[in-house]
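Asker: File follows, coords-v5.txt with compact mmCIF, C-alpha atoms and all ligand atoms:
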```txt
# COMPACT_ATOMS: atom_id res chain seq x y z
CA MET A 1 0.00 0.00 0.00
CA LEU A 2 2.74 2.38 1.01
CA LEU A 3 4.73 1.42 -2.07
CA ARG A 4 1.76 2.13 -4.37
CA GLU A 5 1.22 5.61 -2.83
CA ALA A 6 4.87 6.47 -3.19
CA SER A 7 5.15 5.31 -6.82
CA PHE A 8 1.83 6.43 -8.36
CA PRO A 9 0.23 9.73 -7.60
CA GLY A 10 -3.40 9.27 -6.54
CA LEU A 11 -6.26 11.20 -8.15
CA GLU A 12 -6.22 13.69 -5.31
CA HIS A 13 -2.57 14.55 -6.04
CA ILE A 14 -3.37 15.18 -9.70
CA TYR A 15 -6.34 17.33 -8.65
CA TYR A 16 -4.20 19.36 -6.23
CA PHE A 17 -1.52 19.76 -8.91
CA PHE A 18 -4.04 21.24 -11.37
CA GLN A 19 -5.51 23.42 -8.63
CA LEU A 20 -2.05 24.73 -7.86
CA ILE A 21 -1.17 25.66 -11.43
CA GLN A 22 -4.60 27.15 -12.05
CA THR A 23 -4.79 29.25 -8.88
CA PRO A 24 -3.24 32.43 -10.31
CA PHE A 25 -5.72 32.38 -13.19
CA ILE A 26 -8.92 31.81 -11.21
CA LEU A 27 -10.23 35.14 -10.00
CA LYS A 28 -12.37 35.00 -6.91
CA ASN A 29 -15.64 36.93 -6.97
CA LEU A 30 -15.58 40.09 -4.92
CA LYS A 31 -18.69 41.24 -3.06
CA ILE A 32 -19.82 44.85 -3.17
CA ALA A 33 -22.50 46.17 -0.80
CA ILE A 34 -24.78 48.96 -2.03
CA GLN A 35 -27.88 50.57 -0.54
CA LYS A 36 -31.00 48.46 -1.09
CA SER A 37 -33.34 51.41 -1.44
CA GLY A 38 -32.98 55.09 -0.72
CA ARG A 39 -31.03 58.06 -1.97
CA LEU A 40 -27.87 56.18 -2.99
CA ASN A 41 -29.45 53.09 -4.56
CA GLU A 42 -30.24 54.34 -8.05
CA LYS A 43 -26.92 56.12 -8.62
CA SER A 44 -24.92 53.18 -7.24
CA VAL A 45 -26.72 50.76 -9.59
CA GLN A 46 -26.27 53.18 -12.49
CA LEU A 47 -22.55 53.57 -11.82
CA LEU A 48 -22.03 49.79 -11.85
CA LYS A 49 -24.10 49.44 -15.04
CA ASN A 50 -22.10 52.25 -16.68
CA CYS A 51 -18.98 50.21 -15.87
CA GLY A 52 -20.36 47.57 -18.25
CA LEU A 53 -21.52 45.22 -15.49
CA ASP A 54 -24.51 43.10 -16.40
CA PHE A 55 -26.84 42.16 -13.53
CA GLU A 56 -30.49 41.94 -12.59
CA ASN A 57 -31.53 44.60 -10.11
CA TYR A 58 -34.20 42.63 -8.28
CA LYS A 59 -35.63 44.85 -5.56
CA SER A 60 -36.67 41.80 -3.56
CA SER A 61 -33.35 39.92 -3.46
CA LEU A 62 -30.46 40.63 -1.12
CA ILE A 63 -27.76 39.42 -3.46
CA THR A 64 -27.27 39.30 -7.20
CA THR A 65 -24.41 38.01 -9.36
CA VAL A 66 -22.83 40.03 -12.15
CA SER A 67 -22.87 37.77 -15.20
CA ASN A 68 -19.86 39.28 -17.00
CA PHE A 69 -17.53 40.24 -14.11
CA ASN A 70 -16.19 38.59 -10.93
CA LEU A 71 -18.56 40.46 -8.67
CA GLU A 72 -21.59 39.83 -6.48
CA ILE A 73 -23.78 42.68 -5.30
CA LEU A 74 -25.30 42.74 -1.82
CA PHE A 75 -28.27 45.07 -1.21
CA LEU A 76 -28.22 46.39 2.36
CA ARG A 77 -29.35 49.29 4.56
CA ASP A 78 -26.74 52.01 4.23
CA ASP A 79 -26.01 52.02 7.99
CA ASP A 80 -24.91 48.37 7.81
CA ILE A 81 -22.54 48.77 4.84
CA PRO A 82 -19.37 50.00 6.63
CA GLY A 83 -19.66 47.24 9.25
CA TYR A 84 -20.08 44.51 6.61
CA VAL A 85 -16.99 45.82 4.81
CA GLU A 86 -14.96 46.19 8.00
CA GLN A 87 -15.72 42.58 8.92
CA GLY A 88 -14.92 41.37 5.38
CA ILE A 89 -18.43 39.99 4.74
CA ALA A 90 -18.41 42.38 1.79
CA ASP A 91 -15.11 43.35 0.14
CA LEU A 92 -16.36 46.70 -1.14
CA GLY A 93 -19.19 49.12 -0.40
CA ILE A 94 -20.76 52.31 -1.67
CA VAL A 95 -21.92 54.54 1.17
CA GLY A 96 -22.02 58.17 2.34
CA GLU A 97 -19.05 59.58 4.26
CA ASN A 98 -21.51 60.62 6.97
CA VAL A 99 -22.34 56.96 7.64
CA ILE A 100 -18.68 55.86 7.52
CA ASP A 101 -17.76 58.51 10.10
CA GLU A 102 -20.77 57.90 12.32
CA THR A 103 -20.18 54.14 12.46
CA GLN A 104 -16.44 54.79 13.06
CA SER A 105 -15.58 51.85 10.84
CA ASN A 106 -12.07 50.84 9.93
CA VAL A 107 -12.34 50.73 6.12
CA THR A 108 -10.24 52.06 3.24
CA TYR A 109 -11.43 54.98 1.09
CA LEU A 110 -10.92 53.82 -2.52
CA GLN A 111 -12.73 56.43 -4.61
CA ARG A 112 -14.90 59.52 -4.13
CA LEU A 113 -17.94 59.03 -6.39
CA GLY A 114 -19.32 62.56 -6.79
CA PHE A 115 -22.96 61.76 -5.96
CA GLY A 116 -25.05 61.73 -2.77
CA LYS A 117 -23.66 65.14 -1.88
CA CYS A 118 -25.09 66.66 1.28
CA THR A 119 -24.01 68.52 4.41
CA LEU A 120 -24.48 67.66 8.05
CA LYS A 121 -25.53 70.99 9.59
CA LEU A 122 -26.53 72.49 12.87
CA GLY A 123 -29.99 74.06 12.60
CA ILE A 124 -31.75 76.35 15.05
CA PRO A 125 -35.30 77.76 15.31
CA LYS A 126 -35.81 80.91 13.19
CA ASP A 127 -36.35 83.07 16.30
CA SER A 128 -33.57 81.44 18.39
CA PRO A 129 -31.33 83.73 20.48
CA ILE A 130 -28.35 81.52 19.48
CA GLU A 131 -25.98 83.57 17.31
CA ARG A 132 -22.51 82.10 17.68
CA LEU A 133 -21.24 78.54 18.11
CA GLU A 134 -20.32 79.30 21.76
CA ASP A 135 -23.97 80.10 22.46
CA LEU A 136 -24.61 76.34 22.24
CA ASN A 137 -22.84 75.84 25.61
CA GLY A 138 -25.38 74.42 28.04
CA LYS A 139 -27.93 73.87 25.24
CA SER A 140 -29.31 70.57 23.89
CA ILE A 141 -28.93 69.32 20.31
CA ALA A 142 -31.04 66.55 18.76
CA THR A 143 -29.33 64.36 16.15
CA SER A 144 -29.07 60.92 14.56
CA TYR A 145 -25.30 61.49 14.31
CA PRO A 146 -24.13 61.50 17.96
CA ASN A 147 -20.57 60.37 17.19
CA ILE A 148 -19.85 62.99 14.51
CA LEU A 149 -21.48 65.68 16.65
CA THR A 150 -19.49 64.65 19.74
CA GLU A 151 -16.24 64.99 17.75
CA PHE A 152 -17.32 68.37 16.40
CA LEU A 153 -18.29 69.75 19.82
CA LYS A 154 -15.04 68.43 21.29
CA GLU A 155 -13.02 70.15 18.55
CA TYR A 156 -14.66 73.50 19.28
CA LYS A 157 -14.77 72.92 23.07
CA ILE A 158 -18.54 73.29 23.27
CA ASP A 159 -20.30 71.72 26.23
CA ALA A 160 -23.77 70.87 24.88
CA GLN A 161 -26.06 67.97 25.63
CA ILE A 162 -26.63 65.56 22.73
CA ARG A 163 -30.11 64.01 22.41
CA THR A 164 -29.87 61.02 20.09
CA ILE A 165 -33.01 60.30 18.09
CA SER A 166 -33.27 58.02 15.10
CA GLY A 167 -35.45 60.00 12.70
CA SER A 168 -37.46 63.22 12.11
CA VAL A 169 -34.82 65.17 14.00
CA GLU A 170 -36.12 68.47 12.64
CA ILE A 171 -39.32 68.31 14.72
CA ALA A 172 -37.37 68.10 18.03
CA PRO A 173 -37.10 71.88 18.77
CA GLY A 174 -40.81 72.38 18.01
CA LEU A 175 -41.66 69.63 20.52
CA GLY A 176 -39.43 71.21 23.16
CA LEU A 177 -36.97 68.28 22.97
CA SER A 178 -33.93 70.36 22.04
CA ASP A 179 -32.64 73.89 21.39
CA ALA A 180 -30.95 72.93 18.11
CA ILE A 181 -30.58 70.02 15.72
CA CYS A 182 -27.75 68.46 13.77
CA ASP A 183 -28.93 66.72 10.61
CA ILE A 184 -28.27 66.13 6.91
CA VAL A 185 -29.35 69.07 4.78
CA SER A 186 -29.20 69.33 1.01
CA THR A 187 -31.62 72.11 -0.02
CA GLY A 188 -32.73 73.37 3.39
CA GLY A 189 -36.41 72.86 2.51
CA THR A 190 -37.11 70.48 5.41
CA LEU A 191 -35.49 72.87 7.88
CA LYS A 192 -37.57 75.77 6.62
CA SER A 193 -40.87 73.87 6.70
CA ASN A 194 -40.19 73.05 10.36
CA GLY A 195 -39.50 76.67 11.38
CA LEU A 196 -35.72 76.14 11.48
CA LYS A 197 -32.79 77.84 9.77
CA PRO A 198 -29.32 76.51 8.95
CA PHE A 199 -26.74 77.63 11.51
CA ILE A 200 -23.28 76.07 11.04
CA ASP A 201 -21.92 73.31 8.78
CA VAL A 202 -20.55 70.32 10.68
CA ARG A 203 -19.25 68.27 7.75
CA SER A 204 -19.93 67.71 4.07
CA SER A 205 -20.40 64.26 2.59
CA GLU A 206 -20.59 62.37 -0.68
CA ALA A 207 -20.81 58.71 -1.67
CA ILE A 208 -17.51 56.83 -1.38
CA LEU A 209 -16.33 53.46 -2.67
CA ILE A 210 -14.86 51.80 0.40
CA GLY A 211 -12.93 48.55 0.69
CA ARG A 212 -11.92 46.17 3.44
CA GLN A 213 -8.33 46.29 4.63
CA ASN A 214 -5.59 44.61 2.52
CA LEU A 215 -7.60 44.53 -0.70
CA GLN A 216 -5.60 46.99 -2.80
CA GLU A 217 -3.63 44.45 -4.85
CA ASN A 218 -6.71 42.47 -5.94
CA PRO A 219 -6.87 42.31 -9.80
CA VAL A 220 -10.70 42.35 -9.84
CA LEU A 221 -10.68 45.54 -7.77
CA CYS A 222 -7.99 47.11 -10.01
CA GLU A 223 -10.15 46.46 -13.08
CA LEU A 224 -13.31 47.76 -11.38
CA LEU A 225 -11.53 50.90 -10.14
CA GLN A 226 -10.18 51.59 -13.62
CA ARG A 227 -13.70 51.31 -15.07
CA ILE A 228 -15.23 53.50 -12.35
CA GLN A 229 -12.58 56.17 -12.89
CA SER A 230 -13.17 56.17 -16.66
CA VAL A 231 -16.92 56.63 -16.08
CA LEU A 232 -16.32 59.45 -13.57
CA ARG A 233 -13.88 61.23 -15.89
CA ALA A 234 -16.39 61.01 -18.73
CA LYS A 235 -19.18 62.41 -16.56
CA GLU A 236 -17.18 65.58 -15.99
CA THR A 237 -16.45 65.92 -19.69
CA LYS A 238 -18.26 66.93 -22.89
CA TYR A 239 -17.30 66.19 -26.49
CA LEU A 240 -17.27 69.36 -28.53
CA VAL A 241 -17.30 69.96 -32.29
CA LEU A 242 -17.10 73.52 -33.54
CA ASN A 243 -16.53 75.25 -36.85
CA VAL A 244 -13.81 77.86 -37.03
CA GLU A 245 -12.42 80.13 -39.74
CA ARG A 246 -8.75 79.30 -40.28
CA LYS A 247 -7.73 82.85 -39.30
CA ASN A 248 -9.22 82.27 -35.82
CA LEU A 249 -7.86 78.74 -35.35
CA ALA A 250 -4.75 79.66 -33.34
CA GLU A 251 -6.79 81.63 -30.81
CA ILE A 252 -9.44 78.87 -30.50
CA THR A 253 -6.89 76.06 -30.00
CA GLU A 254 -5.21 78.21 -27.36
CA LEU A 255 -8.53 78.40 -25.50
CA LEU A 256 -9.11 74.63 -25.62
CA HIS A 257 -7.36 72.34 -23.21
CA GLY A 258 -8.55 68.87 -24.19
CA VAL A 259 -7.26 65.37 -23.32
CA LYS A 260 -4.60 66.02 -26.00
CA SER A 261 -4.37 68.72 -28.67
CA PRO A 262 -7.66 69.09 -30.60
CA THR A 263 -8.37 67.25 -33.86
CA ILE A 264 -8.63 69.65 -36.82
CA VAL A 265 -10.71 68.47 -39.80
CA PRO A 266 -10.80 70.54 -43.04
CA LEU A 267 -14.28 71.54 -44.25
CA ALA A 268 -15.51 71.72 -47.88
CA ASP A 269 -15.13 75.49 -47.64
CA GLU A 270 -11.33 75.87 -47.67
CA GLY A 271 -11.27 78.81 -45.30
CA TRP A 272 -12.92 76.76 -42.52
CA VAL A 273 -12.09 73.78 -40.27
CA ALA A 274 -14.01 71.69 -37.73
CA VAL A 275 -12.34 71.39 -34.33
CA HIS A 276 -13.05 68.25 -32.27
CA THR A 277 -12.08 68.14 -28.60
CA VAL A 278 -13.26 67.30 -25.09
CA ILE A 279 -13.72 69.91 -22.37
CA SER A 280 -14.41 69.59 -18.68
CA GLU A 281 -17.85 70.42 -17.33
CA ASP A 282 -16.48 73.15 -14.98
CA ASP A 283 -17.56 76.63 -16.06
CA PHE A 284 -19.03 75.04 -19.17
CA TRP A 285 -21.11 78.05 -20.28
CA ASP A 286 -18.27 80.52 -19.67
CA LYS A 287 -16.01 78.42 -21.91
CA ILE A 288 -18.65 78.18 -24.64
CA ASN A 289 -19.22 81.95 -24.57
CA THR A 290 -15.46 82.62 -24.76
CA LEU A 291 -15.19 80.26 -27.77
CA LYS A 292 -18.12 82.00 -29.47
CA SER A 293 -16.52 85.40 -28.90
CA ALA A 294 -13.32 84.04 -30.48
CA GLY A 295 -15.26 83.09 -33.63
CA ALA A 296 -16.47 79.50 -33.02
CA GLN A 297 -19.72 78.65 -34.83
CA GLY A 298 -22.11 75.71 -35.09
CA ILE A 299 -20.99 74.34 -31.72
CA VAL A 300 -22.20 70.75 -31.13
CA VAL A 301 -21.96 69.34 -27.60
CA MET A 302 -22.18 65.58 -26.97
CA PRO A 303 -22.01 63.43 -23.84
CA VAL A 304 -18.96 61.21 -23.33
CA GLU A 305 -19.54 57.66 -22.10
CA LYS A 306 -16.05 56.67 -20.95
CA ILE A 307 -12.52 58.07 -21.03
CA ILE A 308 -9.79 55.44 -20.87
CA LEU A 309 -6.37 56.97 -20.38
P1 LIG A 401 -31.56 53.13 4.76
O1 LIG A 401 -32.96 52.63 4.66
O2 LIG A 401 -30.64 52.47 3.77
O3 LIG A 401 -31.02 53.14 6.16
P2 LIG A 401 -31.67 56.04 5.05
O4 LIG A 401 -33.09 56.46 5.15
O5 LIG A 401 -30.83 55.99 6.27
O6 LIG A 401 -31.61 54.64 4.24
P3 LIG A 401 -31.28 57.86 2.80
O7 LIG A 401 -32.20 58.96 3.20
O8 LIG A 401 -31.67 56.98 1.68
O9 LIG A 401 -30.84 56.98 4.07
O10 LIG A 401 -29.87 58.54 2.50
C1 LIG A 401 -28.74 57.76 2.18
C2 LIG A 401 -27.53 58.67 2.12
O11 LIG A 401 -27.71 59.62 1.07
C3 LIG A 401 -27.24 59.51 3.33
O12 LIG A 401 -26.59 58.79 4.35
C4 LIG A 401 -26.36 60.61 2.75
O13 LIG A 401 -25.03 60.15 2.63
C5 LIG A 401 -26.93 60.79 1.33
N1 LIG A 401 -27.79 61.98 1.14
C6 LIG A 401 -27.72 62.81 0.08
N2 LIG A 401 -28.64 63.79 0.17
C7 LIG A 401 -29.31 63.60 1.29
C8 LIG A 401 -30.40 64.28 1.94
N3 LIG A 401 -30.97 65.35 1.42
N4 LIG A 401 -30.88 63.76 3.08
C9 LIG A 401 -30.34 62.65 3.59
N5 LIG A 401 -29.30 61.97 3.03
C10 LIG A 401 -28.77 62.44 1.90
ZN ZN A 402 -29.79 54.55 6.95
```
Represent the supplied structure as structure tokens.
Ligand code: ATP
Ligand code: ZN

Answerer:
Amino acid sequence: MLLREASFPGLEHIYYFFQLIQTPFILKNLKIAIQKSGRLNEKSVQLLKNCGLDFENYKSSLITTVSNFNLEILFLRDDDIPGYVEQGIADLGIVGENVIDETQSNVTYLQRLGFGKCTLKLGIPKDSPIERLEDLNGKSIATSYPNILTEFLKEYKIDAQIRTISGSVEIAPGLGLSDAICDIVSTGGTLKSNGLKPFIDVRSSEAILIGRQNLQENPVLCELLQRIQSVLRAKETKYLVLNVERKNLAEITELLHGVKSPTIVPLADEGWVAVHTVISEDDFWDKINTLKSAGAQGIVVMPVEKIIL
């Protein structure tokens, strides 16, 4: 028996041999946690779809598999996402910075995503005598973000009492529960309709792609990050075609700072060319007006889907 084992490899040895040589080529699925429903759900799903990932977005299921990429998607409440990632149950997550900070999770920031922008603000009643931050000493503040608020008050050495409530924070002053509130504000409409006014910004927030510790070298993550970055770059960019008289071309090309130098295509009319380029979304209308003043005509603006550098 011993002799046979020593001389002829058993099936299990052959299996382990093939497993060994295949290991570098088999990519393990990563798991990404996104919000199941709420303000970040739609944009998170859209971002992943724009990365070319093909999956069913069943509202009723908690997990779905991407058919053309090594990724599974978990649909969770946003408050649970940092904890799942910290514990390694999910490898990646998309969640607001406000939630990451409040849960004090030990996760890695991989990419700012540019959506879900909002600000955690202190708000006070319209007729409140509070004028400066120091006036909050001895006062009470209602919030669903006790940890972030504690840090903020500590930083500014304010001794206020924090009343933690889980929702509808903005009704607390009206009910006599607190002198001020600390809550997420985007337009200020909810504050106003509850007789409150914004007072001081505590922190701003946007959606972040987070990862568990020690994930950076993973090839699936590298590919996903590259795709996400190309989608984000494209979102901030427009493709521009404009007609220019040759005598104005030098000035127009000077004004354009594209990915590389612009493409110049001659038109049927010899005195004219078409200039193709991409421009960033910042100050878009100012740039267009400057180009028009420099002689650009027939300006066509198109969306860009991806920019791969
Ligand atoms: P869940 O059911 O997943 O716990 P939620 O009700 O706690 O959801 P949402 O209101 O869907 O959370 O907000 C999710 C995130 O969207 C917030 O944590 C914040 O990062 C971001 N956000 C952007 N704008 C706003 C806003 N106006 N109010 C609240 N959150 C906002
Ligand atoms: Zn939540």

Asker: Quick check, in Å to one decimal: how far apart do atom CA of A:Lys28 and atom CA of A:Gln226 lie?

Answerer: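 Distance between the two atoms: 18.0 Å.
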
Asker: Throw together the list of residues within 7 Å of ligand LIG 401 (chain A), counting all atoms listed in the file, and drop it here as a PyMOL selection string.

Answerer: chain A and resi 35-40+76-79+95-99+116-118+184-187+205-207

Asker: Please determine, counting all atoms listed in the file, which residue among A:Leu53, A:Ile208, A:Ile34, A:Leu177 has the shortest atom-to-atom distance to ligand ZN 402 (chain A).

Answerer: A:Ile34

Asker: For A:Lys31, please output as a list in words all residues within 7 Å (counting only C-alpha atoms; exclusion window: fewer than 6 positions along the same chain).

Answerer: Leu71, Glu72, Ile73, Leu74, Ala90, Asp91 and Leu92 of chain A

Asker: Taking only C-alpha atoms and all ligand atoms into account, which of A:Leu215, A:Ile100, A:Ile200, A:Cys222 comes nearest ligand ZN 402 (chain A)?

Answerer: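 Going through A:Leu215, A:Ile100, A:Ile200, A:Cys222 one by one, the smallest distance to ligand ZN 402 (chain A) is for A:Ile100.
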
Asker: Nearest to ligand ZN 402 (chain A) among A:Ile162, A:Leu249, A:Ile81, A:Val304, with distances taken over all atoms listed in the file: which residue is it?

Answerer: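 Checking each of A:Ile162, A:Leu249, A:Ile81, A:Val304 against ligand ZN 402 (chain A), counting all atoms listed in the file, the winner is A:Ile81.
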
Asker: In Å, with one decimal, what is the gap from atom CA of A:Gly188 to atom CA of A:Gly123?

Answerer: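 Atom CA of A:Gly123 lies 9.6 Å from atom CA of A:Gly188.
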
Asker: Which residues are close to A:Pro198, i.e. within 7 Å by all atoms listed in the file, leaving aside same-chain residues fewer than 4 positions away? Reply as a ChimeraX atom specification.

Answerer: /A:121-124

Asker: For atom CA of A:Val278 and atom CA of A:Ala234, determine how far apart the two atoms are, in Å to one decimal place.

Answerer: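 Separation between atom CA of A:Val278 and atom CA of A:Ala234: 9.5 Å.
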
Asker: Which residues are close to A:Leu136, i.e. within 9 Å by all atoms listed in the file, leaving aside same-chain residues fewer than 5 positions away? Reply as a PyMOL selection string.

Answerer: chain A and resi 130-131+141+158-160+179-180

Asker: Please put the answer as lines of an AutoDock Vina configuration file: centre and edge lengths, in Å with one decimal, of a box along x, y and z that encloses all listed atoms of stretch 160-179 of chain A plus 8 Å on each side.

Answerer:
```
center_x = -32.7
center_y = 66.0
center_z = 18.9
size_x = 33.9
size_y = 31.9
size_z = 29.5
```

Asker: Point out the residue among A:Glu217, A:Glu170, A:Glu251, A:Glu245 with the least atom-to-atom distance to A:Leu291, counting all atoms listed in the file.

Answerer: A:Glu251

Asker: Residues at most 10 Å from stretch 280-286 of chain A, counting all atoms listed in the file, excluding those fewer than 2 positions away in the same chain, as a PDB file with C-alpha atoms, keeping the file's coordinate frame?

Answerer:
```pdb
ATOM      1  CA  ARG A 233     -13.880  61.230 -15.890  1.00  0.00           C
ATOM      2  CA  ALA A 234     -16.390  61.010 -18.730  1.00  0.00           C
ATOM      3  CA  LYS A 235     -19.180  62.410 -16.560  1.00  0.00           C
ATOM      4  CA  GLU A 236     -17.180  65.580 -15.990  1.00  0.00           C
ATOM      5  CA  THR A 237     -16.450  65.920 -19.690  1.00  0.00           C
ATOM      6  CA  LYS A 238     -18.260  66.930 -22.890  1.00  0.00           C
ATOM      7  CA  TYR A 239     -17.300  66.190 -26.490  1.00  0.00           C
ATOM      8  CA  HIS A 257      -7.360  72.340 -23.210  1.00  0.00           C
ATOM      9  CA  GLY A 258      -8.550  68.870 -24.190  1.00  0.00           C
ATOM     10  CA  VAL A 259      -7.260  65.370 -23.320  1.00  0.00           C
ATOM     11  CA  VAL A 278     -13.260  67.300 -25.090  1.00  0.00           C
ATOM     12  CA  ILE A 288     -18.650  78.180 -24.640  1.00  0.00           C
ATOM     13  CA  ASN A 289     -19.220  81.950 -24.570  1.00  0.00           C
ATOM     14  CA  THR A 290     -15.460  82.620 -24.760  1.00  0.00           C
ATOM     15  CA  LEU A 291     -15.190  80.260 -27.770  1.00  0.00           C
ATOM     16  CA  LYS A 292     -18.120  82.000 -29.470  1.00  0.00           C
TER      17      LYS A 292
END
```

Asker: Point out the residue among A:Leu225, A:Pro125, A:Ile299, A:Ala33 with the least atom-to-atom distance to A:Asp80, counting all atoms listed in the file.

Answerer: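 Of the candidates, the smallest distance to A:Asp80 is held by A:Ala33.
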
Asker: Between A:Ser166, A:Thr263, A:Asn68, A:Asn137, which residue has the minimum interatomic distance to ligand ZN 402 (chain A), considering only C-alpha atoms and all ligand atoms?

Answerer: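 Looking only at the distances to ligand ZN 402 (chain A), the closest residue turns out to be A:Ser166.
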
Asker: Find the spatial neighbours of A:Ile210, counting only C-alpha atoms, within a cut-off of 7 Å - ignore same-chain residues fewer than 5 positions away - and output them as a list in words.

Answerer: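 Counting only C-alpha atoms, the residues come to Leu92, Gly93, Ile94, Val107, Thr108, Tyr109 and Leu110 of chain A.
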
Asker: Anything within 8 Å of (-21.9, 51.8, -7.2): list those residues as a PyMOL selection string, counting all atoms listed in the file and sticking to the file's coordinates.

Answerer: chain A and resi 34+43-48+93-94+209

Asker: Could you save the residues just selected, with C-alpha atoms, as a compact mmCIF listing (two decimals), in the frame of the given file?

Answerer:
```
# COMPACT_ATOMS: atom_id res chain seq x y z
CA ILE A 34 -24.78 48.96 -2.03
CA LYS A 43 -26.92 56.12 -8.62
CA SER A 44 -24.92 53.18 -7.24
CA VAL A 45 -26.72 50.76 -9.59
CA GLN A 46 -26.27 53.18 -12.49
CA LEU A 47 -22.55 53.57 -11.82
CA LEU A 48 -22.03 49.79 -11.85
CA GLY A 93 -19.19 49.12 -0.40
CA ILE A 94 -20.76 52.31 -1.67
CA LEU A 209 -16.33 53.46 -2.67
```
